[in-house]
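Asker: Pasting in a structure now, in structure tokens, and then I'll have a few things to ask.
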Amino acid sequence: MKKILDIITEKMQTAFAEAGYDASFGRVTVSNRPDLCEYQCNGALSAAKQYKCAPIQIANAVVAKLDESDYSLAEAVMPGFINLKLSDAFLQSYLEEMRTAPDFGVEKTGAGKTIVVDYGGPNVAKPLHIGHLRSAIIGESLKRLYKFMGYHAIGDIHLGDWGLQMGLIITELQERQPDLCYFDPGYTGAYPEEPPFTISQLEEIYPAAAAKKKEDEVFAEKAHNATFELQQGRPGYRAIWQHIMKLSVADMTKIYDDLDVHFESWLGESDADPYIPAMIADIKAKGLAVLSEGALVMPVAEESDKKEVPPCILVKSDGSSIYATTDLATMVQRMQDFNPDKMLYLTDKRQSLHFEQVFRAARKAGIVREETELEHVGFGTMNGKDGKPFKTREGGVMRLEQLIAMITDFVRAKVVENQIVSEDAVEQTTHKIAMAALKYGDLSNQPTKDYIFDLDRFAAFEGNTGPYILYTIVRIKSILSRYGEWKHLSIQPAANACAKELMLAITKFGGVMEAALNASAPNLICAYIYELAGAANKFYHETPILKEENKELQAGYIALMGLTMELLEKCIEILGFSAPEKM
Ligand code: ARG
């Protein structure tokens, strides 16, 4: 289905042409004076300069060519604006088409295209913390949006499972338990099924080792060697690595499941490793790499750069590869596996330069196709009320698990106090409201901006919040269920001003989805559903829906509520949360 703005723009362009003016002047926009009209066209003002006549003369001639049945108002006003209000019939038929078309008639701009969305990016052996939250929430939502728009979208967690952190754990473990078979080079038996540590021990071992590395050079050296040997495939080290992976992934899965975040692909940096040698050889053969202080680097600076863009390091002087190397090799792998049209990365915005370097290197080296789009969405920080990165009460980094528990407890108390649902539904309802609070609180901000985590505000049932959206959905659902069967009912002409306002809001759906995708901005979807929910609540307040005696009129109200509810549910599904039955 075409977007409504496109339809009326085309009609306006035809009118300009029929009146003897260039069609390109017929661009229509949403009115910036909603008190006067719904849409407007200012083309006569620019046309007047070209045709050297009064704008109002052009506007009048154009209005005379418009099809009256499309508008309840189409007038030329001084000095030459064209003000428009859609006719009830036009709006009704547009909404009825939306109601009956698959996915509300949204044009599937991504049909036939593939995208890899790289988000999450947790590091194994380290607990998920607040720093991983935004990547998970925004990434999942963008992936769902791409899917909705017709793309084959693959979410890849891209585990940090390969660097020095692994060598550090191995080394620390060896110091603590030197007699384990994993460290015996002569050992030839099978390694135990069960790991020699629990996940909590692991989470203690890693920071302990990281701290030691800073003070103890010998230890640091050992850890570097262990990393190298692991990457070379030393069996005992590989076995420990397997244990770490298994425990970490199981632990992460729990939390991602809780957040309703799901990856199609669970690959990591280690999976890119086999692609590195051939890739480096190719880059060298193409003459793109140079030696700099013993390291192999690829210059990626461009003349137009306003800031210095340092060369992309491929191989460090000690022969090891780094973050950029794995990211490039991962691209090689993804091109082979999926040949995607786009790769989208979500990380903290402090990694922007890294991605700029990697993207340039990938293009120069021909790792991706010329048309393959590469985009990095760098997001801001979630801050506490003091404006500084959110911390625990003790000032430490907050684990995601803790954060989720904190929100859940807060919401549960409300649910119980207000006796919203029966006892057996408390947990499920609480979880849904908590996720809506958390995710909407995040997603309603522009991704690049920092925001303040404010539980009282995020979890409020009123205002621009996730729970308010859920509340609106639940309320509409209850009206619909009290009415009875409604899915077959058709949209009717707007019965009052509130109905028209709601209908106009509904028409924006396709355009909002497109804009949100183009700008990687789920916040546009949040703003849209806030508007939609507001219009729905107003309509509901001003219109006695269930008391209406005229059955036909009532069926029209119900159809409109039904469509609104379906749109709201689709939007929150894309944002990554869902509504409870009661609230
Ligand atoms: N593991 C990385 C980190 O903790 C994030 C990975 C993001 N994805 C990527 N392809 N570099 O910073």
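Naming scheme: A, B, ... for chains in displayed order of the structure tokens; residues 1 onward per chain; ligands 1 onward as shown.
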Compile a residue-level contact table for range 100-216 of chain A against range 423-447 of chain A at a cut-off of 8 Å, reporting for every qualifying residue the shortest atom pair and its distance in Å to one decimal, with only C-alpha atoms counted, rows ordered by chain and ascending number, as CSV.

Answerer:
residue,atom,partner,partner_atom,distance
A:Arg134,CA,A:Asp442,CA,7.3
A:Ile137,CA,A:Lys439,CA,6.5
A:Ile138,CA,A:Leu443,CA,6.7

Asker: Produce a table with one row for each residue of range 313-343 of chain A that has an atom at most 6 Å from any atom of range 255-272 of chain A, each row naming the nearest atom pair and its distance in Å at one decimal; use only C-alpha atoms; arrange rows by chain and rising residue number; format as a Markdown table.

Answerer:
| residue | atom | partner | partner_atom | distance |
| --- | --- | --- | --- | --- |
| A:Thr326 | CA | A:Glu269 | CA | 5.9 |
| A:Ala329 | CA | A:Ala272 | CA | 5.4 |
| A:Thr330 | CA | A:Ala272 | CA | 4.9 |

Asker: Could you name the residues that touch Ala361 in chain A at 8 Å or less, counting only C-alpha atoms, but leaving out those on the same chain fewer than 2 positions away, as a list in words?

Answerer: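 The neighbour list is Met298, Val300, Cys312, Leu328, Gln357, Val358, Phe359, Arg363, Lys364 and Ala365 of chain A.
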
Asker: Neighbouring residues of range 315-325 of chain A were defined as those with any atom within 12 Å, considering only C-alpha atoms; residues of the same chain fewer than 3 positions away were excluded. Please report them as an MDAnalysis selection string.

Answerer: chainID A and resid 158:164 221 224:225 227:232 268:270 272:281 283:284 289:298 311:312 328:332 351 353:362

Asker: If you take only C-alpha atoms and all ligand atoms and a cut-off of 7 Å, which residues of chain A touch ligand 1, and what are their nearest atom pairs and distances in Å to one decimal, in chain and number order, as CSV?

Answerer:
residue,atom,partner,partner_atom_place_in_ligand_line,distance
A:Asp118,CA,ligand 1,8 (N),5.9
A:Tyr119,CA,ligand 1,8 (N),6.3
A:Gly120,CA,ligand 1,7 (C),6.9
A:Gly121,CA,ligand 1,6 (C),3.9
A:Pro122,CA,ligand 1,1 (N),5.1
A:Asn123,CA,ligand 1,1 (N),5.3
A:His158,CA,ligand 1,8 (N),5.8
A:Leu159,CA,ligand 1,1 (N),6.1
A:Gly160,CA,ligand 1,1 (N),4.4
A:Asp327,CA,ligand 1,10 (N),5.4
A:Tyr345,CA,ligand 1,8 (N),6.3
A:Leu346,CA,ligand 1,7 (C),6.7
A:Thr347,CA,ligand 1,7 (C),5.8

Asker: If you measure from CA of Glu552 in chain A to CA of Met98 in chain A, what distance in Å do you get, rounded to one decimal?

Answerer: 20.4 Å

Asker: Between A:Tyr451, A:Phe509, A:Phe16, A:Phe81, which residue has the minimum interatomic distance to Ile525 in chain A, considering only C-alpha atoms?

Answerer: A:Phe509

Asker: From the options A:Asp409, A:Leu288, A:His243, A:Ala44, which residue's atoms come nearest to Tyr191 in chain A, counting only C-alpha atoms?

Answerer: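 Smallest separation from Tyr191 in chain A among the options: A:His243.
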
Asker: Mind checking which residues fall within 8 Å of range 24-32 of chain A, counting only C-alpha atoms, ignoring those fewer than 3 positions away in the same chain, and posting them as a VMD selection string?

Answerer: chain A and resid 5 8 to 10 12 to 16 21 37 to 44 46 to 47

Asker: Distance CA of Glu193 in chain A-CA of Tyr237 in chain A, one decimal place?

Answerer: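 So the answer is 14.2 Å.
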
Asker: From range 146-302 of chain A, collect each residue whose DSSP state is strand (DSSP E) and return the set as number ranges by chain.

Answerer: A: 152-156, 290-292, 295-298

Asker: Could you pull out the alpha helix (DSSP H) residues of range 113-342 of chain A from DSSP and send them as a ChimeraX atom specification?

Answerer: /A:133-148,164-176,199-215,217-232,235-258,269-272,276-285,323-338

Asker: Residues at most 8 Å from range 64-72 of chain A, counting only C-alpha atoms, excluding those fewer than 3 positions away in the same chain, as a CSV table (one decimal) with N, CA and C atoms, in the first residue's frame?

Answerer:
chain,number,residue,atom,x,y,z
A,11,LYS,N,-1.6,13.0,-6.3
A,11,LYS,CA,-2.8,13.7,-6.8
A,11,LYS,C,-2.6,15.1,-7.0
A,12,MET,N,-1.8,15.7,-6.1
A,12,MET,CA,-1.5,17.1,-6.1
A,12,MET,C,-0.6,17.4,-7.4
A,15,ALA,N,-2.7,17.5,-10.4
A,15,ALA,CA,-3.4,18.8,-10.4
A,15,ALA,C,-2.5,19.9,-10.9
A,16,PHE,N,-1.3,20.0,-10.4
A,16,PHE,CA,-0.4,21.0,-10.9
A,16,PHE,C,-0.2,20.9,-12.4
A,18,GLU,N,-2.1,19.4,-14.6
A,18,GLU,CA,-3.3,19.7,-15.4
A,18,GLU,C,-3.6,21.2,-15.4
A,19,ALA,N,-3.2,21.9,-14.4
A,19,ALA,CA,-3.3,23.4,-14.4
A,19,ALA,C,-2.3,24.1,-15.2
A,60,ASN,N,-5.1,28.7,-6.7
A,60,ASN,CA,-6.5,28.6,-7.0
A,60,ASN,C,-6.7,27.7,-8.2
A,61,ALA,N,-5.8,27.8,-9.2
A,61,ALA,CA,-6.0,27.0,-10.4
A,61,ALA,C,-5.8,25.5,-10.1
A,84,LEU,N,-5.4,21.3,3.2
A,84,LEU,CA,-6.3,20.2,2.9
A,84,LEU,C,-6.8,19.5,4.1
A,85,LYS,N,-8.0,19.0,4.0
A,85,LYS,CA,-8.5,18.0,5.0
A,85,LYS,C,-9.0,16.8,4.2
A,86,LEU,N,-8.7,15.6,4.7
A,86,LEU,CA,-9.2,14.5,3.9
A,86,LEU,C,-10.7,14.3,4.1
A,87,SER,N,-11.3,13.7,3.1
A,87,SER,CA,-12.8,13.5,3.2
A,87,SER,C,-12.9,12.2,4.0
A,88,ASP,N,-14.1,12.0,4.7
A,88,ASP,CA,-14.3,10.8,5.5
A,88,ASP,C,-14.3,9.6,4.6
A,89,ALA,N,-14.8,9.7,3.4
A,89,ALA,CA,-14.8,8.5,2.5
A,89,ALA,C,-13.4,8.1,2.1
A,90,PHE,N,-12.5,9.0,1.8
A,90,PHE,CA,-11.1,8.7,1.5
A,90,PHE,C,-10.4,8.0,2.7

Asker: Residues at most 9 Å from Asp341 in chain A, counting only C-alpha atoms, excluding those fewer than 4 positions away in the same chain, as a PyMOL selection string?

Answerer: chain A and resi 113-116+369+371-374

Asker: From the list A:Asn418, A:Ser141, A:Thr465, A:Thr507, which residue is nearest Gly105 in chain A when using only C-alpha atoms?

Answerer: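 Closest residue, counting only C-alpha atoms: A:Thr507.
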
Asker: CA of Gly511 in chain A and CA of Gly112 in chain A, how far apart in Å?

Answerer: 20.4 Å

Asker: With only C-alpha atoms as the atoms that count, which of A:Thr564, A:Asn83, A:Thr448, A:Gln165 lies nearest to Ile529 in chain A?

Answerer: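 Among A:Thr564, A:Asn83, A:Thr448, A:Gln165, it is A:Thr564 that comes nearest to Ile529 in chain A.
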